[in-house]
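> I am attaching a structure below and will ask some questions about it afterwards.
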Amino acid sequence: MNMKWSRVWLIYAREMRDQIRDRRTMFTIFVLPLLLYPFMGMLMLQVAQFNSEHPVGVTWIGEENWPQENPLIIDSDATRKTNALIRWNYLAKTELKSDAQVEAEAIVREGRADLVLITKPGFREWLSQSKLGANQETRHATDAGLTATASSFDSESDSESDSDSDSESESESISIASTSSTLATRPSGPPPLLTVVNQASDSSVVALKRVGHLLENWRSTWLREQLAEANLNPSIVDIISVERVDIAPPETKQALVWSKILPLIMLVWALTGAFYPAIDLCAGEKERGTLETLLCSPASRTEIVWGKLLTVICFSISTAVLNLFTMQFTSTFVINQFASAGASDVVQALGPLPFSSLTWLIVILLPISAMFSALALAVATLARSSKEAQYYLMPLLLGGLPLVMLPMLPGVSLGTGTATIPVTGAVLLSRALIEGHYTEAFLFAPIVIGVTVTCCLLAIRWAVRQFENESVLFRESERFEFRAWIHNLIQHRTPTATANEAMLCGAIILVALFFGRMSLASNELSWTSMTQSTIVIQLGMILAPCLVMATILTSSIWKALRLGRPRLADMLFCFGLGISLHPAYMLLSSAIQTEFQLGADTKEVLGYIDAMISAAPLWSVILTLAVIPAICEELAFRGFIFAGLSQEQGTLRAIIVSALFFGLSHGVLQQTIGATIMGLILGVVAWRTGGVLGCIVLHMTHNTLTMFVARAGKQADLIPSGLDWAFERTLEGGLAYTDTWTILSMAIASLILAALVFNKPSSASYFWAKDRVVSPES
Amino acid sequence: MVQVQNLTKTYPDLSEGTRVAVDRISFSVAAGEIFGVLGPNGAGKTTTLRMLSTILRPTSGQIIINQANIDTEAHLIRKSIGFVSNNTALYDRMSARELVEYFGRMHDMERDELREKIEILFKKLCMEDIGNVPCGQMSTGMKQKVSIARALIHDPPVLIFDEASVGLDVIVARALLYTIAGLRDEGKCIIFSTHIMREVEKLCDRVAMMHRGRILDIGTLEELADKHDQNDFEDLFFSLLTRHDQVNDQVEMQPLKLTSVTRRPSAGATSV
């Protein structure tokens with residue numbers, strides 16, 4: 001039956017009206033954003049105001065050691081303003097119960113002061129004795145052009161706080177010896193000024209900045225006075241300056257900041273905006289019992305899904321757009337406030353949110369919202385109640401966040417590789433558009449839109465399937481009984497695994513590989529340890545789970561692993577395919593490595609492993625890296641998992657899912673992409689040959705050739721003289737296929753694949769005529 | 001009007017493998033007839049009626065309603081039926097009028113025709129004063145009236161009532177039975193499932209007694225009384241249930257399984 005859009009519209013209109021009448025949804029979607037950003041803005045202003053106006057308490061121990069003729073508070077506007085925000089408390093040495101530093105730490109720890117400044121005895125005396133004019137040596141030093149303000153107090157304190165941020169309270173010695181000892185070229189300086197602060201306390205950090213500002217001013221003034229007394233030009237202090245020329249217009253700099261914040265906020269709200277309506281429209285409708293009425297109406301399941309989907313999309317987009325506009329309004333207001341308060345640094349860094357950026361974001365938002373909405377709808381359909389739906393949707397949010405956060409990582413930019421990652425590509429595209437990199441954006445936009453639309457269509461298809469699935473729509477509250485379940489598993493064993501068992505096997509393999517690889521990674525890399533770990537991984541973590549599951553859960557281990565008796569022609573085809581596909585795969589690997597470049601560390605480790613493999617005996621390399629993986633991986637992925645999935649969910653899904661598991665099992669992104677593509681071809685071979693042995697032959701041939709080409713790159717005599725035309729030396733000294741052979745082999749591979757696909761599929765005949773049948777049918 | 005042949009529905013079950021909810025039942029219902037489906041809870045009545053209303057897909061067997069086959073023309077069947085269930089709720093945030101109009105438009109009715117039909121229907125069901133009341137604020141009886149109006153708005157030849165009187169007070173339940181009887185007199189084909197025997201006695205022209213997914217017997221009340229030599233309908237029903245359970249307990253103590261379907265002889269399912 002064709003879909004009637006008038007009916008979709010009818011369902012959509014009803015759902016929209018229903019949602020608009022729901023106070024909770026309206027509050028979450030529309031009212032909350034209107035309140036949220038003004039509240040956040042208010043909070044920001046208040047925090048900023050608090051930080052700038054809140055006075056801090058500073059205790060000064062040993063104030064009597066400070067030179068009277070050079071007071072700390074210089075008479076200037078800036079210092080007066082800073083000083084007004086400090087409550088000074090003076091402690092004379094006679095009032096101290098113990099050592100000054102110990103006492104100071106206690107004062108800060110107990111919160112009696114935010115900072116303690118200690119001036120040790122001898123400070124004043126040293127300063128009075130160290131007059132520049134009195135010492136000829138200093139003149140030489142000054143003449144040499146040593147700048148006295150080599151390090152400012154602020155930068156010192158910042159770097160200190162970075163490195164020692166763990167310590168609760170810390171003492172910091174600020175010695176003017178860095179300047180005066182340079183000037184005086186004396187090995188010893190005055191006793192250092194000591195500041196005791198608590199870096200874990202905000203007010204203490206503010207106190208440090210303010211006192212630092214005063215000290216820096218004082219030091220600079222003192223130094224200038226010294227230079228003047230010594231008949232030197234005080235401006236020598238500032239003689240060397242570094243000027244910066246920034247070609248970026250202020251709008252672009254502001255866009256850079258917004259481009260990092262906005263896509264994240266937009267996507268999080270698009271997902272959140274899809275959540276609540278999806279829950280209400282699916283799980284809520286099930287819970288209330290209204291779904292049955294809709295299902296027996298003339299509307300088809302597809303029409304129902306589309307009607308609901310359009311509603312969810314509308315809410316998702318509205319939420320995100322409303323958030324963006326509220327944020328734009330609030331940010332403009334807050335930034336204007338900062339501007340009027342004289343906080344030019346904040347205004348320069350952020351600036352009001354550009355309107356053009358919002359337009360671009362909304363364009364990108366459309367497909368993203370559609371994808372999120374379809375996913376949320378499909379997931380919400382699985383649930384029996386709104387509460388259960390929230391349990392299901394949280395993993396969706398958590399799963400989506402890494403894709404949103406990935407573009408935040410330094411160095412991640414829009415490229416062919418990143419454009420193909422769902423969500424990440426869209427975030428990077430919107431960033432490029434906001435920053436005004438239009439050429440780059442339009443170049444990759446087709447890929448991003450293509451990927452997003454494909455994901456969106458797949459999600460919609462999934463949602464429709466959920467609505468067609470009775471066991472999903474009318475799932476009763478089932479009580480899980482472990483014993484009954486085990487009993488059922490054993491009593492009702494089928495010849496192959498079920499789809500759930502196949503998926504479970506895949507998941508077990510991936511988890512085992514994750515932990516296995518980490519625990520087996522040894523610091524000492526040797527061929528022996530590598531062989532051992534490969535064998536343990538292949539046999540223990542890939543083959544063992546599927547063998548155990550096939551033995552326990554299925555009635556025929558041969559059928560479960562698709563160990564059909566092969567046709568000789570199929571085996572020859574697979575061998576030929578293994579050889580002819582190899583050049584294309586090498587080309588693919590090289591393209592992937594160009595797009596997703598390996599890190600320097602990974603390259604170094606791989607180089608070491610490569611050298612190790614080259615030194616090992618060829619037979620051992622082929623056995624460990626070609627034969628064993630081919631057997632284990634094929635039995636698991638094209639055997640057990642493929643059989644389980646194809647039995648219940650169709651061949652196409654079996655090919656795709658087994659290829660994904662196969663790809664993910666390789667661990668490294670670059671290998672995962674290549675292996676997934678290879679997995680798809682192996683899946684087709686598994687389907688058309690009706691068994692797993694053809695795949696083993698293909699896999700083994702492929703891996704052997706990889707090892708052989710790598711080895712032949714270092715041992716030229718390995719290549720038979722008749723095959724010279726197929727290989728050539730690379731600039732790096734390795735071996736590669738010639739273009740002629742690459743093109744020819746791709747044509748041959750296409751022919752073999754076509755022959756396999758269009759040939760009548762092999763019907764599986766199993767090695768054991770009699771299966772170990774234990775099902776009650778027997 | 002309604003023909004059902006060897007209808008079976010099974011569900012996958014975590015502990016039992018497969019659970020048979022409806023086991024090869026057959027019956028037919030003519031226009032102007034009320035066909036009762038009587039059975040205890042879990043007999044398979046709701047599953048059967050859900051299959052008739054295309055909500056569930058039969059595992060095997062055939063359903064033909066108003067000459068449309070459910071396998072190929074489910075959309076035509078949906079236009080020919082009106083389904084009222086005690087499980088079926090209404091949209092709380094819609095008024096009675098909005099809800100009935102919505103389902104009328106779903107059946108491709110024109111606005112003018114729809115408005116006219118709503119007025120007639122609301123008058124007939126004494127619903128004029130609740131037309132603009134949101135369904136969430138209605139009593140159970142009012143809601144059931146709205147459900148009936150929703151099911152009747154497109155004037156379907158077949159009406160399916162699944163335990164529609166459950167939860168209603170005596171007055172509303174009685175009014176419902178009168179409404180259903182009136183619909184029969186208009187020539188509607190009505191399938192009425194219940195576990196209340198008095199409703200069957202009062203209302204149904206023929207009755208199928210279901211238990212554990214099977215039809216134990218089928219016929220008019222008089223036919224069944226004569227056949228089993230029981231004048232009291234309640235006694236008749238319990239004797240059939242007891243006999244069926246004793247036979248089954250002797251055959252197997254296990255829960256019903258699909259795998260045993262082919263082995264087990266038909267236990268009294270009668271095609272009409």
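As shown in the structure tokens, the chain order sets the letters A, B, ...; within each chain, residues go from 1, and ligands are also counted from 1 in the order they appear.
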I need the chain B residues near chain A as a VMD selection string; criterion: at most 10 Å, counting only C-alpha atoms.

chain B and resid 11 to 18 50 to 57 72 to 94 98 to 99 102 to 108 147 150 to 151 259 to 260

> Name the residues in contact with region 446-463 of chain A at a cut-off of 10 Å, using only C-alpha atoms, excluding same-chain residues fewer than 6 positions from it; report them as a VMD selection string.

chain A and resid 301 to 302 305 to 306 309 364 367 to 382 414 to 429 469

> Give me the residues within 12 Å of Gln532 (chain A) as a ChimeraX atom specification, counting only C-alpha atoms and dropping any in the same chain fewer than 3 places off.

/A:517,520-522,525-529,535-540,620,624-625,628

> Please produce an output containing C-alpha atoms for each residue in the selection, written as a short mmCIF file (atom, residue, chain, number, x, y, z; two decimals), in the first residue's frame.


```cif
data_model
loop_
_atom_site.label_atom_id
_atom_site.label_comp_id
_atom_site.auth_asym_id
_atom_site.auth_seq_id
_atom_site.Cartn_x
_atom_site.Cartn_y
_atom_site.Cartn_z
CA ARG A 517 45.40 -6.92 23.99
CA LEU A 520 49.22 -9.11 26.74
CA ALA A 521 51.04 -5.97 25.66
CA SER A 522 54.55 -6.45 26.97
CA LEU A 525 58.89 -6.68 21.97
CA SER A 526 60.23 -9.88 20.48
CA TRP A 527 59.03 -12.21 17.78
CA THR A 528 58.49 -14.99 20.32
CA SER A 529 56.31 -12.84 22.57
CA ILE A 535 48.11 -17.28 19.21
CA VAL A 536 46.48 -16.53 22.58
CA ILE A 537 44.38 -13.76 21.06
CA GLN A 538 43.31 -15.77 18.03
CA LEU A 539 42.60 -19.05 19.78
CA GLY A 540 41.54 -17.81 23.19
CA SER A 620 56.67 -18.79 11.12
CA THR A 624 51.24 -16.87 12.88
CA LEU A 625 49.92 -13.92 10.94
CA ILE A 628 45.93 -18.92 12.27
#
```

> Ranking B:Arg198, B:Arg24, B:Lys227, B:Arg174 by minimum distance to Gln62 (chain B) and counting only C-alpha atoms, which one comes first?

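The shortest atom-to-atom distance to Gln62 (chain B) comes from B:Arg24.
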
> Report the residues of region 48-272 of chain B whose backbone DSSP state falls under strand (DSSP E), written as a PyMOL selection string.

chain B and resi 60-65+68-69+81-85+158-162+189-194+206-211+214-219

> Which is closest to Arg212 (chain B) among B:Cys135, B:Gln144, B:Met109, B:Leu241, if we use only C-alpha atoms?

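Distance minimum relative to Arg212 (chain B) lands on B:Leu241.
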
> Would you pick out the contacts of Ala383 (chain A) at 8 Å or less, using only C-alpha atoms, so that residues sharing its chain but fewer than 5 positions from it are not included, and give the list as a PyMOL selection string?

chain A and resi 283+388-389+392+472

> Those selected residues, please, written with N, CA, C and O atoms and delivered as an mmCIF file, in the first residue's frame.


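Result file selection.cif:
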```cif
data_model
loop_
_atom_site.group_PDB
_atom_site.id
_atom_site.type_symbol
_atom_site.label_atom_id
_atom_site.label_comp_id
_atom_site.auth_asym_id
_atom_site.auth_seq_id
_atom_site.Cartn_x
_atom_site.Cartn_y
_atom_site.Cartn_z
ATOM 1 N N ALA A 283 6.657 5.332 23.757
ATOM 2 C CA ALA A 283 6.483 4.611 25.016
ATOM 3 C C ALA A 283 5.263 5.137 25.762
ATOM 4 O O ALA A 283 4.491 4.363 26.341
ATOM 5 N N GLU A 388 11.031 3.311 31.230
ATOM 6 C CA GLU A 388 11.947 2.397 30.553
ATOM 7 C C GLU A 388 12.619 3.103 29.373
ATOM 8 O O GLU A 388 13.801 2.888 29.108
ATOM 9 N N ALA A 389 11.846 3.948 28.687
ATOM 10 C CA ALA A 389 12.401 4.670 27.529
ATOM 11 C C ALA A 389 13.554 5.564 27.942
ATOM 12 O O ALA A 389 14.533 5.700 27.212
ATOM 13 N N TYR A 392 16.644 3.646 28.104
ATOM 14 C CA TYR A 392 17.201 3.321 26.784
ATOM 15 C C TYR A 392 17.829 4.540 26.115
ATOM 16 O O TYR A 392 18.789 4.412 25.362
ATOM 17 N N VAL A 472 7.889 -6.041 19.739
ATOM 18 C CA VAL A 472 8.301 -4.755 20.311
ATOM 19 C C VAL A 472 7.077 -3.963 20.761
ATOM 20 O O VAL A 472 7.031 -3.426 21.858
#
```

> Counting only C-alpha atoms, what is within 6 Å of region 35-39 of chain B, bar same-chain residues fewer than 2 positions away, as a list in words?

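Once the adjacent positions are removed, what remains is Ala43, Ile191, Phe192, Ser193, Thr194, His195, Cys204, Arg206, Val207, Ala208, Met209, Met210 and His211 of chain B.
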
> Selection from above, C-alpha atoms, as a compact mmCIF listing (two decimals), in the first residue's frame, can you write it?


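Writing the result to again_16.txt gives the following:
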```txt
# COMPACT_ATOMS: atom_id res chain seq x y z
CA ALA B 43 -8.04 -17.99 26.84
CA ILE B 191 -17.94 -10.00 17.46
CA PHE B 192 -18.21 -9.60 21.21
CA SER B 193 -15.70 -11.09 23.58
CA THR B 194 -16.35 -11.33 27.29
CA HIS B 195 -15.80 -13.49 30.32
CA CYS B 204 -25.19 -13.20 21.69
CA ARG B 206 -24.01 -17.63 18.80
CA VAL B 207 -21.10 -18.21 21.09
CA ALA B 208 -17.64 -19.78 20.89
CA MET B 209 -16.21 -20.98 24.18
CA MET B 210 -12.45 -20.54 24.27
CA HIS B 211 -9.91 -21.97 26.65
```
